There are 2 protein chains.
Amino acid sequence: MFAEGCPSSAVPIRIGEKWAGMVLVCLADGPRRFSELKVPLRGVTPKVLTETLRALERDGMITRTAYDEMPPRVEYALTDLGRSLFAMMHACREWAEANLPDVLAAREAYLDAQAEARTRDAG
Amino acid sequence: MFAEGCPSSAVPIRIGEKWAGMVLVCLADGPRRFSELKVPLRGVTPKVLTETLRALERDGMITRTAYDEMPPRVEYALTDLGRSLFAMMHACREWAEANLPDVLAAREAYLDAQAEARTRDAG
DNA sequence: CTGCATCCCGTGGGATACTG
DNA sequence: CAGTATCCCACGGGATGCAG
């Protein structure tokens with residue numbers, strides 16, 4: 001169980017990566033340029049955006065097309081694999097939204113239980 | 001898009017957390033004790049396992065039941081919410097396994113393209 | 001415009017030792 | 001047995017500045 005070579009350990013996409021998912025969303029309905037991605041992704045620095053794009057490109061989720069022009073123009077687009085991943089993530093997102101209320105309720109209950117425990121200790 | 005209060009940002013579960021997913025797997029077919037979790041999760045330290053379990057408990061994914069005995073006994077079990085998340089993660093895992101070959105191929109192609117670019121620059 | 005270089009920092013996660 | 005207490009480090013990610 002959970003051995004070294006386990007395929008689950010090799011799970012390719014780190015949807016934990018802070019911006020990867022948002023990039024997929026931004027590319028969902030068509031190719032976008034580097035600067036077009038920076039707009040909706042408020043707060044992302046060029047360095048981090050580049051890293052994210054490189055990782056997605058490396059894993060075959062997006063393509064990078066550089067046009068030899070001045071000023072430079074580069075377009076990023078989803079591959080079939082990327083679209084497949086996007087669909088997967090969409091399902092995850094729907095799960096999250098559907099269950100968010102329960103999670104929030106659980107957190108509140110947890111906090112309350114803690115507070116009660118503290119009261120009991122103090123009293 | 002991607003505003004502050006966006007529910008997607010509040011996505012409750014960090015499946016990126018290194019051990020959280022494995023814990024769910026370990027609890028999938030019944031409650032387990034702390035020490036019973038440490039066995040399959042080779043390499044996890046008690047501190048980190050505790051942190052992971054606390055986070056899952058806080059979010060309502062698992063329950064923690066402490067029996068007042070000597071020696072101490074504590075059992076962790078999935079909640080309905082946890083089982084739901086487990087099912088979600090199972091789907092993610094199946095996607096990953098199904099698409100792993102493609103990702104690996106993409107990585108190799110990416111490396112080859114890089115090597116070729118270097119050769120071109122040098123020559 | 002599209003990045004790369006550099007520096008920096010918080011935090012997730014690990015090692016080790018100790019306790020009720 | 002089931003943790004807690006400390007210490008520590010790598011690394012993801014951010015800020016800033018520069019270059020082709």
# chains A, B, ... in the order shown; residues from 1 in each chain; ligands from 1
>>> select_by_dssp(residues="chain B", states="helix (DSSP H, G or I)", output="ChimeraX atom specification")
/B:7-10,20-27,34-38,46-58,80-122
>>> interface_residues(of="chain A", to="chain C", cutoff="9 Å", atoms="only C-alpha atoms (C1' of nucleotides)", output="list in words")
Phe34, Ser35, Pro46, Lys47, Thr50, Met70, Pro71, Pro72, Arg73 and Val74 of chain A
>>> write_last_selection(atoms="N, CA, C and O atoms", output="PDB file, in the first residue's frame")
ATOM      1  N   PHE A  34      -0.141  35.765 -22.961  1.00  0.00           N
ATOM      2  CA  PHE A  34       0.427  35.892 -21.616  1.00  0.00           C
ATOM      3  C   PHE A  34      -0.222  37.047 -20.856  1.00  0.00           C
ATOM      4  O   PHE A  34      -0.703  36.878 -19.726  1.00  0.00           O
ATOM      5  N   SER A  35      -0.275  38.180 -21.499  1.00  0.00           N
ATOM      6  CA  SER A  35      -0.813  39.362 -20.813  1.00  0.00           C
ATOM      7  C   SER A  35      -2.320  39.249 -20.601  1.00  0.00           C
ATOM      8  O   SER A  35      -2.860  39.844 -19.677  1.00  0.00           O
ATOM      9  N   PRO A  46       4.678  37.663 -12.960  1.00  0.00           N
ATOM     10  CA  PRO A  46       5.109  37.022 -14.207  1.00  0.00           C
ATOM     11  C   PRO A  46       5.927  35.762 -13.958  1.00  0.00           C
ATOM     12  O   PRO A  46       5.745  34.758 -14.655  1.00  0.00           O
ATOM     13  N   LYS A  47       6.775  35.819 -12.989  1.00  0.00           N
ATOM     14  CA  LYS A  47       7.597  34.645 -12.703  1.00  0.00           C
ATOM     15  C   LYS A  47       6.732  33.420 -12.414  1.00  0.00           C
ATOM     16  O   LYS A  47       6.917  32.355 -12.998  1.00  0.00           O
ATOM     17  N   THR A  50       4.707  32.225 -15.393  1.00  0.00           N
ATOM     18  CA  THR A  50       5.571  31.474 -16.299  1.00  0.00           C
ATOM     19  C   THR A  50       5.801  30.061 -15.788  1.00  0.00           C
ATOM     20  O   THR A  50       5.696  29.084 -16.546  1.00  0.00           O
ATOM     21  N   MET A  70       7.384  41.538 -33.791  1.00  0.00           N
ATOM     22  CA  MET A  70       7.690  42.603 -32.852  1.00  0.00           C
ATOM     23  C   MET A  70       6.489  43.537 -32.783  1.00  0.00           C
ATOM     24  O   MET A  70       6.073  44.064 -33.817  1.00  0.00           O
ATOM     25  N   PRO A  71       5.945  43.736 -31.574  1.00  0.00           N
ATOM     26  CA  PRO A  71       6.352  43.120 -30.300  1.00  0.00           C
ATOM     27  C   PRO A  71       5.980  41.644 -30.244  1.00  0.00           C
ATOM     28  O   PRO A  71       5.101  41.214 -30.997  1.00  0.00           O
ATOM     29  N   PRO A  72       6.622  40.924 -29.354  1.00  0.00           N
ATOM     30  CA  PRO A  72       6.415  39.467 -29.270  1.00  0.00           C
ATOM     31  C   PRO A  72       4.958  39.126 -28.981  1.00  0.00           C
ATOM     32  O   PRO A  72       4.235  39.894 -28.353  1.00  0.00           O
ATOM     33  N   ARG A  73       4.556  37.970 -29.452  1.00  0.00           N
ATOM     34  CA  ARG A  73       3.210  37.487 -29.163  1.00  0.00           C
ATOM     35  C   ARG A  73       3.298  35.991 -28.910  1.00  0.00           C
ATOM     36  O   ARG A  73       3.933  35.253 -29.669  1.00  0.00           O
ATOM     37  N   VAL A  74       2.718  35.573 -27.817  1.00  0.00           N
ATOM     38  CA  VAL A  74       2.718  34.157 -27.453  1.00  0.00           C
ATOM     39  C   VAL A  74       1.304  33.772 -27.081  1.00  0.00           C
ATOM     40  O   VAL A  74       0.626  34.509 -26.363  1.00  0.00           O
TER      41      VAL A  74
END
>>> interface_residues(of="chain A", to="chain D", cutoff="10 Å", atoms="only C-alpha atoms (C1' of nucleotides)", output="ChimeraX atom specification")
/A:17-18,43-45,47-48,72
>>> closest_atom_pairs(of="chain B", to="chain A", cutoff="6 Å", atoms="only C-alpha atoms", output="JSON lines")
{"residue": "B:Val11", "atom": "CA", "partner": "A:Ala96", "partner_atom": "CA", "distance": 5.7}
{"residue": "B:Gly16", "atom": "CA", "partner": "A:Gly16", "partner_atom": "CA", "distance": 4.8}
{"residue": "B:Arg58", "atom": "CA", "partner": "A:Arg107", "partner_atom": "CA", "distance": 5.3}
{"residue": "B:Asp59", "atom": "CA", "partner": "A:Val103", "partner_atom": "CA", "distance": 5.1}
{"residue": "B:Gly60", "atom": "CA", "partner": "A:Ala106", "partner_atom": "CA", "distance": 5.0}
{"residue": "B:Ala96", "atom": "CA", "partner": "A:Val11", "partner_atom": "CA", "distance": 5.6}
{"residue": "B:Val103", "atom": "CA", "partner": "A:Asp59", "partner_atom": "CA", "distance": 5.1}
{"residue": "B:Ala106", "atom": "CA", "partner": "A:Gly60", "partner_atom": "CA", "distance": 4.9}
{"residue": "B:Arg107", "atom": "CA", "partner": "A:Arg58", "partner_atom": "CA", "distance": 5.3}
{"residue": "B:Tyr110", "atom": "CA", "partner": "A:Arg58", "partner_atom": "CA", "distance": 5.7}
>>> atom_distance(atom1="atom CA of B:Pro31", atom2="atom CA of B:Tyr76")
5.4 Å
>>> select_by_dssp(residues="stretch 43-82 of chain B", states="strand (DSSP E)", output="PyMOL selection string")
chain B and resi 62-67+73-78
>>> write_last_selection(atoms="N, CA, C and O atoms", output="PDB file, in the first residue's frame")
ATOM      1  N   ILE B  62     -13.917  13.302   9.009  1.00  0.00           N
ATOM      2  CA  ILE B  62     -13.764  12.136   9.877  1.00  0.00           C
ATOM      3  C   ILE B  62     -14.226  12.480  11.291  1.00  0.00           C
ATOM      4  O   ILE B  62     -14.330  13.650  11.661  1.00  0.00           O
ATOM      5  N   THR B  63     -14.489  11.433  12.061  1.00  0.00           N
ATOM      6  CA  THR B  63     -14.800  11.624  13.477  1.00  0.00           C
ATOM      7  C   THR B  63     -13.670  11.036  14.316  1.00  0.00           C
ATOM      8  O   THR B  63     -12.985  10.105  13.895  1.00  0.00           O
ATOM      9  N   ARG B  64     -13.498  11.595  15.482  1.00  0.00           N
ATOM     10  CA  ARG B  64     -12.473  11.123  16.403  1.00  0.00           C
ATOM     11  C   ARG B  64     -13.167  10.687  17.685  1.00  0.00           C
ATOM     12  O   ARG B  64     -13.887  11.479  18.311  1.00  0.00           O
ATOM     13  N   THR B  65     -12.980   9.436  18.053  1.00  0.00           N
ATOM     14  CA  THR B  65     -13.625   8.908  19.250  1.00  0.00           C
ATOM     15  C   THR B  65     -12.564   8.399  20.211  1.00  0.00           C
ATOM     16  O   THR B  65     -11.864   7.431  19.907  1.00  0.00           O
ATOM     17  N   ALA B  66     -12.461   9.064  21.363  1.00  0.00           N
ATOM     18  CA  ALA B  66     -11.473   8.662  22.368  1.00  0.00           C
ATOM     19  C   ALA B  66     -12.166   7.861  23.465  1.00  0.00           C
ATOM     20  O   ALA B  66     -13.128   8.339  24.071  1.00  0.00           O
ATOM     21  N   TYR B  67     -11.677   6.651  23.726  1.00  0.00           N
ATOM     22  CA  TYR B  67     -12.233   5.827  24.798  1.00  0.00           C
ATOM     23  C   TYR B  67     -11.385   6.031  26.041  1.00  0.00           C
ATOM     24  O   TYR B  67     -10.156   6.008  25.982  1.00  0.00           O
ATOM     25  N   ARG B  73      -7.174   4.537  23.819  1.00  0.00           N
ATOM     26  CA  ARG B  73      -7.601   4.040  22.512  1.00  0.00           C
ATOM     27  C   ARG B  73      -8.399   5.140  21.825  1.00  0.00           C
ATOM     28  O   ARG B  73      -9.291   5.724  22.431  1.00  0.00           O
ATOM     29  N   VAL B  74      -8.056   5.421  20.599  1.00  0.00           N
ATOM     30  CA  VAL B  74      -8.749   6.445  19.821  1.00  0.00           C
ATOM     31  C   VAL B  74      -9.067   5.878  18.454  1.00  0.00           C
ATOM     32  O   VAL B  74      -8.219   5.235  17.845  1.00  0.00           O
ATOM     33  N   GLU B  75     -10.290   6.087  18.024  1.00  0.00           N
ATOM     34  CA  GLU B  75     -10.665   5.574  16.711  1.00  0.00           C
ATOM     35  C   GLU B  75     -11.094   6.703  15.781  1.00  0.00           C
ATOM     36  O   GLU B  75     -11.836   7.607  16.181  1.00  0.00           O
ATOM     37  N   TYR B  76     -10.639   6.616  14.566  1.00  0.00           N
ATOM     38  CA  TYR B  76     -11.019   7.574  13.530  1.00  0.00           C
ATOM     39  C   TYR B  76     -11.893   6.861  12.504  1.00  0.00           C
ATOM     40  O   TYR B  76     -11.621   5.717  12.137  1.00  0.00           O
ATOM     41  N   ALA B  77     -12.931   7.557  12.058  1.00  0.00           N
ATOM     42  CA  ALA B  77     -13.845   6.952  11.080  1.00  0.00           C
ATOM     43  C   ALA B  77     -14.332   8.011  10.099  1.00  0.00           C
ATOM     44  O   ALA B  77     -14.434   9.197  10.438  1.00  0.00           O
ATOM     45  N   LEU B  78     -14.634   7.589   8.903  1.00  0.00           N
ATOM     46  CA  LEU B  78     -15.173   8.505   7.900  1.00  0.00           C
ATOM     47  C   LEU B  78     -16.592   8.917   8.253  1.00  0.00           C
ATOM     48  O   LEU B  78     -17.373   8.106   8.753  1.00  0.00           O
TER      49      LEU B  78
END
>>> atom_distance(atom1="atom CA of A:Glu36", atom2="atom CA of A:Arg83")
19.1 Å
>>> atom_distance(atom1="atom CA of B:Ala28", atom2="atom CA of B:His90")
10.9 Å
